[in-house]
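Inspection log for the structure reproduced underneath, given as C-alpha cells.
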Amino acid sequence: VVDGGSQPVWRHRERRHTPRTALGCASVPVLYDAADRGDWQEVKRALAAKCDVADAPLGRHGNTALHRAAANGHAAVVKELLRARADIDTRTDESWTAFHCACHSGQNVVVKLLLHRGCNTAIETDSGRTGLDVAIARFHDHVFRILENHHAPRGAERTQTPPKREKQVLGRVAERQRWTQFLLRRHVAAIESSESESLSGAPMSALGMQRAALE
C-alpha cells in the first residue's frame, strides 16, 4: 500500500526468490507466461496467434517457453511447443537445454518425452555438466534409471552394471539414506532417554511409531 490515502494503491512486486519464473512480470510474453504456468489452452491460443516459440524475455537468463515448461513438468505444453517446431536443444545463457531443466527438477515424464523426441543428451552447460550430471547432483535416482535404460543397448537387462560415472548416483543415494537412518535412530534414542527419566511408566506410542518407521 502506497500514498497513504483513503483509496490505497496496490503495486504488484515480482517475487525475488523465483527469478526465472514469469509470475508478476507484465513485460513477459504471453506464450512464455502460459508455458511457465502450464496453461495448455493459452499456449495453443498464443501459438495460433503466431507467437515466437524461441522468444527469451529479458532478465530470464535466456530461458524460453520450452525451458520453463520442461522445468515445471508441463508435458502437454512441451508437446505443443515441439509441435510448433521449437528447437528441442535451444540453450540458455548458461547453455542449459530443456533436457537439463527437466533433469534438474526431476521431471521424469518430461525427461522421457524429450528423449523420445531425440534431444541431445551429450550437451554440456558452461560448467561442463550434462543432464545426467545434473540429475546426480540433485539425487534424482528415478531420472538416472530412465537415462540408464535409454542408453542401454537394445535387449540388455535392466540389472546390467552401469558405467563408473553413472554409479555415483547409487552411492550418493545410499549415503543419504544411511545418514537419514542415523539421524532418526539418534532422535529415537534421545526420546527414549528423556521419557525414561521423566515418565518411566508411561506408554511410548510416539516412540513406537518412530521405531516402526525404521523397520
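In the C-alpha cells, chains take letters A, B, ... by order of appearance, with residues numbered from 1 within each chain and ligands from 1 in the order shown.
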### Task
Determine, counting only C-alpha atoms, which protein, DNA and RNA residues have an atom within 8 Å of an atom of His140 in chain A; residues of the same chain fewer than 5 positions away are not included. Present the result as a list in words.
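Final neighbour list, sorted by chain and number: Cys103, Gly106 and Ala135 of chain A.
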### Task
Using only C-alpha atoms, determine which residues lie at most 9 Å from Leu66 in chain A, disregarding the query and same-chain residues fewer than 3 positions distant; provide the list as a list in words.
Tyr32, Ala35, Asp36, Val53, Ala54, Asn63, Ala69, Ala70, Ala71, Val77, Val78, Leu81, Leu82, Ala86, Asp87, Ile88, Thr90, Thr97 and Ala98 of chain A
Using only N, CA, C and O atoms, please write the residues we just selected to a file, as an mmCIF file, in the first residue's frame.
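New file result_9.cif:
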```cif
data_model
loop_
_atom_site.group_PDB
_atom_site.id
_atom_site.type_symbol
_atom_site.label_atom_id
_atom_site.label_comp_id
_atom_site.auth_asym_id
_atom_site.auth_seq_id
_atom_site.Cartn_x
_atom_site.Cartn_y
_atom_site.Cartn_z
ATOM 1 N N TYR A 32 5.343 -17.323 -23.103
ATOM 2 C CA TYR A 32 6.277 -17.670 -22.023
ATOM 3 C C TYR A 32 5.535 -17.826 -20.698
ATOM 4 O O TYR A 32 5.742 -18.789 -19.951
ATOM 5 N N ALA A 35 3.318 -20.999 -20.716
ATOM 6 C CA ALA A 35 4.123 -22.211 -20.604
ATOM 7 C C ALA A 35 4.656 -22.388 -19.189
ATOM 8 O O ALA A 35 4.711 -23.501 -18.660
ATOM 9 N N ASP A 36 5.029 -21.301 -18.553
ATOM 10 C CA ASP A 36 5.547 -21.357 -17.184
ATOM 11 C C ASP A 36 4.468 -21.836 -16.217
ATOM 12 O O ASP A 36 4.742 -22.569 -15.271
ATOM 13 N N VAL A 53 8.110 -19.005 -30.666
ATOM 14 C CA VAL A 53 8.419 -20.037 -29.671
ATOM 15 C C VAL A 53 9.854 -19.905 -29.159
ATOM 16 O O VAL A 53 10.191 -20.460 -28.111
ATOM 17 N N ALA A 54 10.699 -19.189 -29.892
ATOM 18 C CA ALA A 54 12.105 -19.042 -29.495
ATOM 19 C C ALA A 54 12.349 -17.779 -28.688
ATOM 20 O O ALA A 54 13.496 -17.485 -28.335
ATOM 21 N N ASN A 63 16.089 -18.155 -20.862
ATOM 22 C CA ASN A 63 15.079 -19.212 -20.835
ATOM 23 C C ASN A 63 13.974 -18.910 -21.838
ATOM 24 O O ASN A 63 13.499 -17.780 -21.927
ATOM 25 N N ALA A 69 8.501 -24.785 -19.380
ATOM 26 C CA ALA A 69 7.550 -25.892 -19.366
ATOM 27 C C ALA A 69 8.236 -27.182 -18.932
ATOM 28 O O ALA A 69 7.674 -27.977 -18.160
ATOM 29 N N ALA A 70 9.460 -27.404 -19.409
ATOM 30 C CA ALA A 70 10.197 -28.616 -19.032
ATOM 31 C C ALA A 70 10.557 -28.601 -17.556
ATOM 32 O O ALA A 70 10.438 -29.618 -16.864
ATOM 33 N N ALA A 71 10.993 -27.453 -17.054
ATOM 34 C CA ALA A 71 11.399 -27.363 -15.647
ATOM 35 C C ALA A 71 10.224 -27.601 -14.702
ATOM 36 O O ALA A 71 10.396 -28.151 -13.613
ATOM 37 N N VAL A 77 2.343 -29.093 -22.505
ATOM 38 C CA VAL A 77 2.839 -27.832 -23.077
ATOM 39 C C VAL A 77 4.101 -28.091 -23.880
ATOM 40 O O VAL A 77 4.297 -27.523 -24.970
ATOM 41 N N VAL A 78 4.968 -28.947 -23.354
ATOM 42 C CA VAL A 78 6.192 -29.293 -24.084
ATOM 43 C C VAL A 78 5.847 -29.894 -25.441
ATOM 44 O O VAL A 78 6.460 -29.561 -26.465
ATOM 45 N N LEU A 81 4.738 -27.141 -27.841
ATOM 46 C CA LEU A 81 5.848 -26.306 -28.290
ATOM 47 C C LEU A 81 6.710 -27.042 -29.315
ATOM 48 O O LEU A 81 7.158 -26.449 -30.309
ATOM 49 N N LEU A 82 6.932 -28.320 -29.082
ATOM 50 C CA LEU A 82 7.709 -29.098 -30.048
ATOM 51 C C LEU A 82 6.935 -29.277 -31.349
ATOM 52 O O LEU A 82 7.524 -29.297 -32.442
ATOM 53 N N ALA A 86 9.560 -25.788 -31.988
ATOM 54 C CA ALA A 86 10.550 -25.208 -31.068
ATOM 55 C C ALA A 86 11.809 -26.064 -31.111
ATOM 56 O O ALA A 86 11.737 -27.292 -31.195
ATOM 57 N N ASP A 87 12.952 -25.414 -31.062
ATOM 58 C CA ASP A 87 14.230 -26.130 -31.082
ATOM 59 C C ASP A 87 14.394 -26.884 -29.767
ATOM 60 O O ASP A 87 14.498 -26.278 -28.703
ATOM 61 N N ILE A 88 14.430 -28.199 -29.845
ATOM 62 C CA ILE A 88 14.477 -29.017 -28.634
ATOM 63 C C ILE A 88 15.780 -28.833 -27.867
ATOM 64 O O ILE A 88 15.832 -29.041 -26.655
ATOM 65 N N THR A 90 17.603 -25.889 -27.823
ATOM 66 C CA THR A 90 17.953 -24.482 -27.637
ATOM 67 C C THR A 90 18.531 -24.264 -26.245
ATOM 68 O O THR A 90 18.133 -24.926 -25.290
ATOM 69 N N THR A 97 19.798 -26.710 -21.654
ATOM 70 C CA THR A 97 18.717 -27.055 -22.563
ATOM 71 C C THR A 97 17.475 -27.420 -21.751
ATOM 72 O O THR A 97 17.525 -27.494 -20.511
ATOM 73 N N ALA A 98 16.376 -27.653 -22.448
ATOM 74 C CA ALA A 98 15.160 -28.096 -21.759
ATOM 75 C C ALA A 98 15.402 -29.427 -21.054
ATOM 76 O O ALA A 98 14.832 -29.703 -19.994
#
```
Pick out the residues sitting within 12 Å of Lys50 in chain A, and hand them over as a compact mmCIF listing (two decimals) with all heavy atoms, in the first residue's frame; count only C-alpha atoms, and ignore anything fewer than 2 positions along from it in its own chain.
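Wrote it out as around.txt, contents follow:
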```
# COMPACT_ATOMS: atom_id res chain seq x y z
N VAL A 30 3.15 -13.55 -23.67
CA VAL A 30 2.02 -14.40 -23.28
C VAL A 30 2.40 -15.87 -23.36
O VAL A 30 2.06 -16.66 -22.47
CB VAL A 30 0.81 -14.11 -24.20
CG1 VAL A 30 -0.32 -15.09 -23.92
CG2 VAL A 30 0.33 -12.68 -24.00
N LEU A 31 3.10 -16.26 -24.41
CA LEU A 31 3.46 -17.66 -24.58
C LEU A 31 4.38 -18.13 -23.45
O LEU A 31 4.19 -19.22 -22.89
CB LEU A 31 4.15 -17.86 -25.93
CG LEU A 31 4.63 -19.29 -26.22
CD1 LEU A 31 3.47 -20.26 -26.23
CD2 LEU A 31 5.37 -19.34 -27.56
N VAL A 43 -1.47 -21.62 -24.24
CA VAL A 43 -0.32 -21.87 -25.11
C VAL A 43 -0.78 -22.09 -26.55
O VAL A 43 -0.21 -21.56 -27.51
CB VAL A 43 0.49 -23.08 -24.61
CG1 VAL A 43 1.49 -23.54 -25.67
CG2 VAL A 43 1.23 -22.72 -23.33
N LYS A 44 -1.85 -22.86 -26.72
CA LYS A 44 -2.37 -23.12 -28.06
C LYS A 44 -2.86 -21.83 -28.71
O LYS A 44 -2.63 -21.60 -29.91
CB LYS A 44 -3.52 -24.14 -28.00
CG LYS A 44 -3.07 -25.55 -27.66
CD LYS A 44 -4.17 -26.55 -27.92
CE LYS A 44 -4.39 -26.72 -29.40
NZ LYS A 44 -5.35 -27.81 -29.71
N ARG A 45 -3.54 -20.97 -27.94
CA ARG A 45 -4.01 -19.71 -28.49
C ARG A 45 -2.84 -18.81 -28.88
O ARG A 45 -2.88 -18.13 -29.91
CB ARG A 45 -4.91 -19.00 -27.48
CG ARG A 45 -6.29 -19.62 -27.34
CD ARG A 45 -7.24 -18.71 -26.56
NE ARG A 45 -6.85 -18.63 -25.16
CZ ARG A 45 -7.35 -19.42 -24.22
NH1 ARG A 45 -8.22 -20.37 -24.53
NH2 ARG A 45 -6.97 -19.27 -22.96
N ALA A 46 -1.80 -18.81 -28.04
CA ALA A 46 -0.63 -17.98 -28.34
C ALA A 46 0.08 -18.47 -29.60
O ALA A 46 0.54 -17.67 -30.42
CB ALA A 46 0.32 -17.97 -27.15
N LEU A 47 0.17 -19.79 -29.75
CA LEU A 47 0.81 -20.34 -30.94
C LEU A 47 -0.02 -20.06 -32.19
O LEU A 47 0.53 -19.81 -33.27
CB LEU A 47 1.02 -21.85 -30.77
CG LEU A 47 2.06 -22.26 -29.71
CD1 LEU A 47 2.06 -23.77 -29.53
CD2 LEU A 47 3.44 -21.75 -30.09
N ALA A 48 -1.35 -20.11 -32.04
CA ALA A 48 -2.22 -19.80 -33.17
C ALA A 48 -2.08 -18.34 -33.59
O ALA A 48 -2.28 -17.99 -34.76
CB ALA A 48 -3.67 -20.11 -32.82
N ASP A 52 6.29 -16.15 -31.12
CA ASP A 52 7.60 -16.73 -31.39
C ASP A 52 7.96 -17.73 -30.30
O ASP A 52 8.12 -17.36 -29.13
CB ASP A 52 8.66 -15.63 -31.47
CG ASP A 52 10.01 -16.16 -31.90
OD1 ASP A 52 10.11 -17.36 -32.24
OD2 ASP A 52 10.98 -15.38 -31.89
N VAL A 53 8.11 -19.01 -30.67
CA VAL A 53 8.42 -20.04 -29.67
C VAL A 53 9.85 -19.90 -29.16
O VAL A 53 10.19 -20.46 -28.11
CB VAL A 53 8.22 -21.45 -30.26
CG1 VAL A 53 6.76 -21.70 -30.57
CG2 VAL A 53 9.08 -21.65 -31.50
N ALA A 54 10.70 -19.19 -29.89
CA ALA A 54 12.11 -19.04 -29.49
C ALA A 54 12.35 -17.78 -28.69
O ALA A 54 13.50 -17.49 -28.33
CB ALA A 54 13.01 -19.05 -30.72
N ASP A 55 11.29 -17.03 -28.37
CA ASP A 55 11.46 -15.77 -27.66
C ASP A 55 11.94 -16.01 -26.23
O ASP A 55 11.35 -16.78 -25.49
CB ASP A 55 10.13 -15.01 -27.64
CG ASP A 55 10.31 -13.58 -27.16
OD1 ASP A 55 11.46 -13.15 -27.06
OD2 ASP A 55 9.28 -12.91 -26.90
N LEU A 81 4.74 -27.14 -27.84
CA LEU A 81 5.85 -26.31 -28.29
C LEU A 81 6.71 -27.04 -29.31
O LEU A 81 7.16 -26.45 -30.31
CB LEU A 81 6.69 -25.87 -27.09
CG LEU A 81 5.99 -24.94 -26.10
CD1 LEU A 81 6.85 -24.74 -24.86
CD2 LEU A 81 5.69 -23.59 -26.75
N ALA A 84 5.08 -27.11 -32.52
CA ALA A 84 5.20 -25.81 -33.19
C ALA A 84 6.62 -25.55 -33.66
O ALA A 84 6.98 -24.42 -33.99
CB ALA A 84 4.75 -24.69 -32.25
N ARG A 85 7.45 -26.57 -33.64
CA ARG A 85 8.82 -26.52 -34.14
C ARG A 85 9.76 -25.72 -33.27
O ARG A 85 10.68 -25.06 -33.78
CB ARG A 85 8.87 -26.00 -35.58
CG ARG A 85 7.96 -26.80 -36.48
CD ARG A 85 8.27 -26.62 -37.93
NE ARG A 85 7.50 -27.56 -38.72
CZ ARG A 85 7.88 -27.99 -39.91
NH1 ARG A 85 9.01 -27.59 -40.41
NH2 ARG A 85 7.13 -28.82 -40.58
```
### Task
Compare A:His116, A:His150, A:His100, A:His142 by their minimum atom-to-atom distance to Gly128 in chain A, counting only C-alpha atoms, and give me the closest one.
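Result for the nearest residue to Gly128 in chain A: A:His100.
Distances from A:Thr92, A:Gln41, A:Ser196, A:Thr121 to Thr64 in chain A were compared using only C-alpha atoms, and the smallest one belongs to A:Thr92.
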### Query
Got a sec to tell me which of range 21-106 of chain A DSSP assigns to helix (DSSP H, G or I), as a count of residues only?
41
#### Entry: Nearest candidate to Asp93 in chain A (options A:His61, A:Arg117, A:Lys112, A:His67; using only C-alpha atoms)
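Selected residue with least distance to Asp93 in chain A: A:His61.
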